[in-house]
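Student: Submitted below is the structure of interest, expressed as structure tokens.
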Amino acid sequence: MGKGQRAIQNYKSTEFIEQVRDADGLVVGAAFKAPATSASLLQTEPTSPPERTVALPQDKPREGELDSVPSFILVTTYLSYLMLIVFAHLRDFFGKLFHPEQYVQLREQNGYAPMVSDFESLWTRRLYGRIRDCFNRPITGVAGGHVHLLDRVSADFNRTFEFTGRVRKVLNLASYNYLGFAQSEGPCADKVEQAIRECGLVQGSSRAEAGRSRLLADTEEMVARFVGSEAALVVSMGYATNALNIPALVGRGCLILSDELNHSSLVSGARLSGATIRVFRHNQAASLEAELRRSISQGQPRTHRPWKKILVVVEGLYSMEGETCCLPELLELRRRYGFYLFVDEAHSIGALGKRGRGVCDHFNVDPREVDVLMGTFTKSFGAAGGYIAGSRRLVDYLRLHSHSAVYAETMSVPVLAQVSSSMRMILGEDREHALEGQQRLDQLAINSRYFAQRLVEMGFMTMGDPGSPVIPLLLFSPAKIPAFSRECLRRNIAVVVVSYPATPIITGRVRFCISASHTREDLDYALEQVSEIGDLLMLKFHKKTAAANKKHD
């Protein structure tokens with residue numbers, strides 16, 4: 001008997017549904033023949049949109065957008081960074097005079113130039129190095145609703161770390177585990193154990209040789225059915241799903257129009273393709289249309305010939321902002337200008353929509369109107385890797401021409417089993433846990449809206465759209481970024497703080513990742529502690545809103 005069968009009481013379908021809930025709906029107490037070229041492969045035929053059957057609480061508008069940031073906050077943030085950079089240069093100047101041995105790697109040696117200059121590495125050495133203890137914290141075990149953190153200390157200003165031998169259990173608001181499938185025990189763990197016994201661990205080959213298996217084929221068929229496409233291609237690495245498949249779709253003579261806040265994997269794939277790349281303002285359909293009109297009228301550089309293909313690349317849910325893409329507007333522009341649309345649903349698949357089908361389900365549009373749907377299995381399914389979904393002709397072409405299919409090893413057996421078992425649960429095809437998948441989807445939506453709304457009521461300035469499981473809270477000042485992370489850790493809460501270059505320099509933030517595995521007690525404890533930290537660090541920029549809500553209560 002597997003671990004999941006021995007510890008199924010928390011997630012078995014009937015018992016999961018019957019957990020005690022409060023007035024907000026939160027769980028109380030302890031807690032699913034290919035063509036030769038890629039031309040015109042992206043065309044699909046529309047079908048009727050899917051039905052939506054489950055009613056969730058209505059979204060409420062979120063307050064606290066960037067346009068209402070006090071000027072004092074912006075000015076002091078810029079001045080803080082200016083002071084840090086000035087003092088960093090002064091330390092380098094005097095350090096080279098009095099401690100030249102510490103700068104050997106930045107000077108020319110034996111006729112060889114340094115790998116990086118002192119200016120290029122200034123940010124890493126003088127700014128990031130001061131707060132390294134806030135990042136890459138080691139954990140042990142599964143990163144579920146709670147996680148076990150390995151304590152460490154540094155005696156040389158974060159240059160090196162030593163483990164203390166202590167392990168602490170902390171509330172996990174830092175990991176992508178939207179539906180709570182990151183478990184070492186439960187029905188999915190049982191299916192993984194069974195698959196290992198029957199099929200082994202790895203295929204040991206690319207799918208172009210001997211890596212194709214019945215489990216892989218069944219999983220790809222299920223993914224296509226789940227997202228509403230004709231076919232799907234499963235890739236063993238999420239980053240490579242973008243970086244290696246975009247170059248197979250477009251090349252020289254093609255144009256890629258990319259959202260300015262797209263993920264690094266999308267940027268890498270666009271650069272590897274050799275296509276011309278142009279950027280439009282984040283989530284601005286008007287900016288995209290202006291760039292389309294300009295690009296179509298001018299054509300290719302120098303020759304002014306028409307573009308072979310135009311591919312618009314966006315994300316379904318932007319993980320740093322918690323914002324969904326303006327999909328209805330993009331589809332309207334697609335019908336008008338005839339470009340191909342590539343949507344990265346790494347964070348939206350399984351997390352958005354009443355059926356968990358992603359941004360298409362969220363906006364109630366037909367997924368076949370999107371030419372290429374990409375997603376990963378790391379955020380909502382507790383697994384690894386990603387997929388490309390679209391027309392059968394497109395997927396057949398990628399299976400023969402994409403480097404991810406021809407050269408990369410296929411997804412391992414345990415990961416495939418985890419993907420298929422969790423997805424089957426969401427689809428309601430697991431008879432023993434037929435309702436659990438939908439229950440997790442509903443719980444994630446309730447948790448996300450509750451947590452975001454409470455932060456706004458407290459007076460914090462947040463970003464993102466209603467229902468997003470990623471909730472950024474703006475910190476601004478570079479001094480408050482590490483302070484917030486350290487204060488949370490003191491209170492046994494794990495969070496992720498983000499700053500430049502991952503975000504614009506003035507919008508440093510903490511990013512809360514909400515999960516269906518979080519209970520009401522977990523969220524209330526986190527909100528209480530975050531409120532105390534907000535008072536300590538003076539982060540409640542909308543105090544009038546908080547005071548009005550308190551008076552109303």
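Ordering of the structure tokens sets the chain letters (A, B, ...); residue numbers start at 1 within each chain; ligands are numbered from 1 in the order shown.
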Name all residues at most 7 Å from Cys134 (chain A) (count only C-alpha atoms; drop same-chain ones fewer than 2 positions away) and give them as a ChimeraX atom specification.

Tutor: /A:131-132,482,485-486

Student: Show which residues sit within 9 Å of Val267 (chain A), as a PDB file with all heavy atoms, in the first residue's frame. Count only C-alpha atoms, and ignore same-chain residues fewer than 3 positions away.

Tutor:
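part15.pdb, freshly written:
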```
ATOM      1  N   ASN A 242       9.216  27.098 -24.337  1.00  0.00           N
ATOM      2  CA  ASN A 242       9.204  28.356 -25.087  1.00  0.00           C
ATOM      3  C   ASN A 242      10.468  28.545 -25.903  1.00  0.00           C
ATOM      4  O   ASN A 242      10.419  28.865 -27.095  1.00  0.00           O
ATOM      5  CB  ASN A 242       9.043  29.543 -24.123  1.00  0.00           C
ATOM      6  CG  ASN A 242       7.616  29.732 -23.663  1.00  0.00           C
ATOM      7  OD1 ASN A 242       6.674  29.406 -24.373  1.00  0.00           O
ATOM      8  ND2 ASN A 242       7.446  30.240 -22.466  1.00  0.00           N
ATOM      9  N   ALA A 243      11.610  28.362 -25.251  1.00  0.00           N
ATOM     10  CA  ALA A 243      12.882  28.698 -25.887  1.00  0.00           C
ATOM     11  C   ALA A 243      13.178  27.847 -27.113  1.00  0.00           C
ATOM     12  O   ALA A 243      13.868  28.300 -28.033  1.00  0.00           O
ATOM     13  CB  ALA A 243      14.018  28.560 -24.871  1.00  0.00           C
ATOM     14  N   SER A 258       6.135  41.318 -29.047  1.00  0.00           N
ATOM     15  CA  SER A 258       6.213  40.747 -27.701  1.00  0.00           C
ATOM     16  C   SER A 258       5.822  41.781 -26.658  1.00  0.00           C
ATOM     17  O   SER A 258       6.239  42.946 -26.731  1.00  0.00           O
ATOM     18  CB  SER A 258       7.638  40.240 -27.439  1.00  0.00           C
ATOM     19  OG  SER A 258       7.790  39.759 -26.124  1.00  0.00           O
ATOM     20  N   ASN A 262       7.125  40.156 -20.899  1.00  0.00           N
ATOM     21  CA  ASN A 262       7.128  38.713 -21.118  1.00  0.00           C
ATOM     22  C   ASN A 262       8.272  38.038 -20.380  1.00  0.00           C
ATOM     23  O   ASN A 262       9.327  38.632 -20.137  1.00  0.00           O
ATOM     24  CB  ASN A 262       7.237  38.401 -22.614  1.00  0.00           C
ATOM     25  CG  ASN A 262       5.887  38.381 -23.302  1.00  0.00           C
ATOM     26  OD1 ASN A 262       4.845  38.303 -22.657  1.00  0.00           O
ATOM     27  ND2 ASN A 262       5.896  38.449 -24.617  1.00  0.00           N
ATOM     28  N   HIS A 263       8.075  36.757 -20.067  1.00  0.00           N
ATOM     29  CA  HIS A 263       9.055  35.962 -19.331  1.00  0.00           C
ATOM     30  C   HIS A 263      10.340  35.781 -20.128  1.00  0.00           C
ATOM     31  O   HIS A 263      10.351  35.848 -21.359  1.00  0.00           O
ATOM     32  CB  HIS A 263       8.451  34.595 -18.996  1.00  0.00           C
ATOM     33  CG  HIS A 263       9.286  33.787 -18.065  1.00  0.00           C
ATOM     34  ND1 HIS A 263      10.155  32.807 -18.505  1.00  0.00           N
ATOM     35  CD2 HIS A 263       9.401  33.806 -16.711  1.00  0.00           C
ATOM     36  CE1 HIS A 263      10.746  32.253 -17.461  1.00  0.00           C
ATOM     37  NE2 HIS A 263      10.315  32.841 -16.368  1.00  0.00           N
ATOM     38  N   SER A 264      11.418  35.537 -19.418  1.00  0.00           N
ATOM     39  CA  SER A 264      12.730  35.363 -20.048  1.00  0.00           C
ATOM     40  C   SER A 264      12.740  34.234 -21.067  1.00  0.00           C
ATOM     41  O   SER A 264      13.448  34.316 -22.082  1.00  0.00           O
ATOM     42  CB  SER A 264      13.785  35.101 -18.963  1.00  0.00           C
ATOM     43  OG  SER A 264      15.029  34.768 -19.533  1.00  0.00           O
ATOM     44  N   ALA A 270      12.401  34.029 -28.747  1.00  0.00           N
ATOM     45  CA  ALA A 270      12.291  35.025 -29.815  1.00  0.00           C
ATOM     46  C   ALA A 270      13.663  35.370 -30.380  1.00  0.00           C
ATOM     47  O   ALA A 270      13.833  35.484 -31.606  1.00  0.00           O
ATOM     48  CB  ALA A 270      11.595  36.274 -29.285  1.00  0.00           C
ATOM     49  N   ARG A 271      14.655  35.517 -29.536  1.00  0.00           N
ATOM     50  CA  ARG A 271      15.997  35.850 -30.019  1.00  0.00           C
ATOM     51  C   ARG A 271      16.618  34.702 -30.796  1.00  0.00           C
ATOM     52  O   ARG A 271      17.306  34.919 -31.798  1.00  0.00           O
ATOM     53  CB  ARG A 271      16.881  36.231 -28.826  1.00  0.00           C
ATOM     54  CG  ARG A 271      16.498  37.551 -28.180  1.00  0.00           C
ATOM     55  CD  ARG A 271      17.312  37.824 -26.929  1.00  0.00           C
ATOM     56  NE  ARG A 271      17.004  39.130 -26.363  1.00  0.00           N
ATOM     57  CZ  ARG A 271      17.472  39.567 -25.196  1.00  0.00           C
ATOM     58  NH1 ARG A 271      18.264  38.793 -24.461  1.00  0.00           N
ATOM     59  NH2 ARG A 271      17.146  40.773 -24.757  1.00  0.00           N
ATOM     60  N   LEU A 272      16.390  33.473 -30.346  1.00  0.00           N
ATOM     61  CA  LEU A 272      16.953  32.312 -31.048  1.00  0.00           C
ATOM     62  C   LEU A 272      16.320  32.111 -32.425  1.00  0.00           C
ATOM     63  O   LEU A 272      16.936  31.512 -33.313  1.00  0.00           O
ATOM     64  CB  LEU A 272      16.755  31.052 -30.208  1.00  0.00           C
ATOM     65  CG  LEU A 272      17.629  30.908 -28.965  1.00  0.00           C
ATOM     66  CD1 LEU A 272      17.174  29.724 -28.132  1.00  0.00           C
ATOM     67  CD2 LEU A 272      19.095  30.752 -29.348  1.00  0.00           C
TER      68      LEU A 272
END
```

Student: Here is a test: counting only C-alpha atoms, which residue of A:Pro472, A:Val279, A:Val415, A:Leu327 is nearest to Ala174 (chain A)?

Tutor: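 Checking each candidate against Ala174 (chain A), we get A:Pro472 as the closest.
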
Student: If we count only C-alpha atoms, what is near Ser154 (chain A) at a cut-off of 12 Å, once residues fewer than 5 positions away on the same chain are taken out, given as an MDAnalysis selection string?

Tutor: chainID A and resid 129:134 159:164

Student: Skipping near chain neighbours, those fewer than 4 positions away, what residues fall within 9 Å of region 181-183 of chain A using only C-alpha atoms, listed as an MDAnalysis selection string?

Tutor: chainID A and resid 32 142:145 177 188:189 380:383 418 422 517
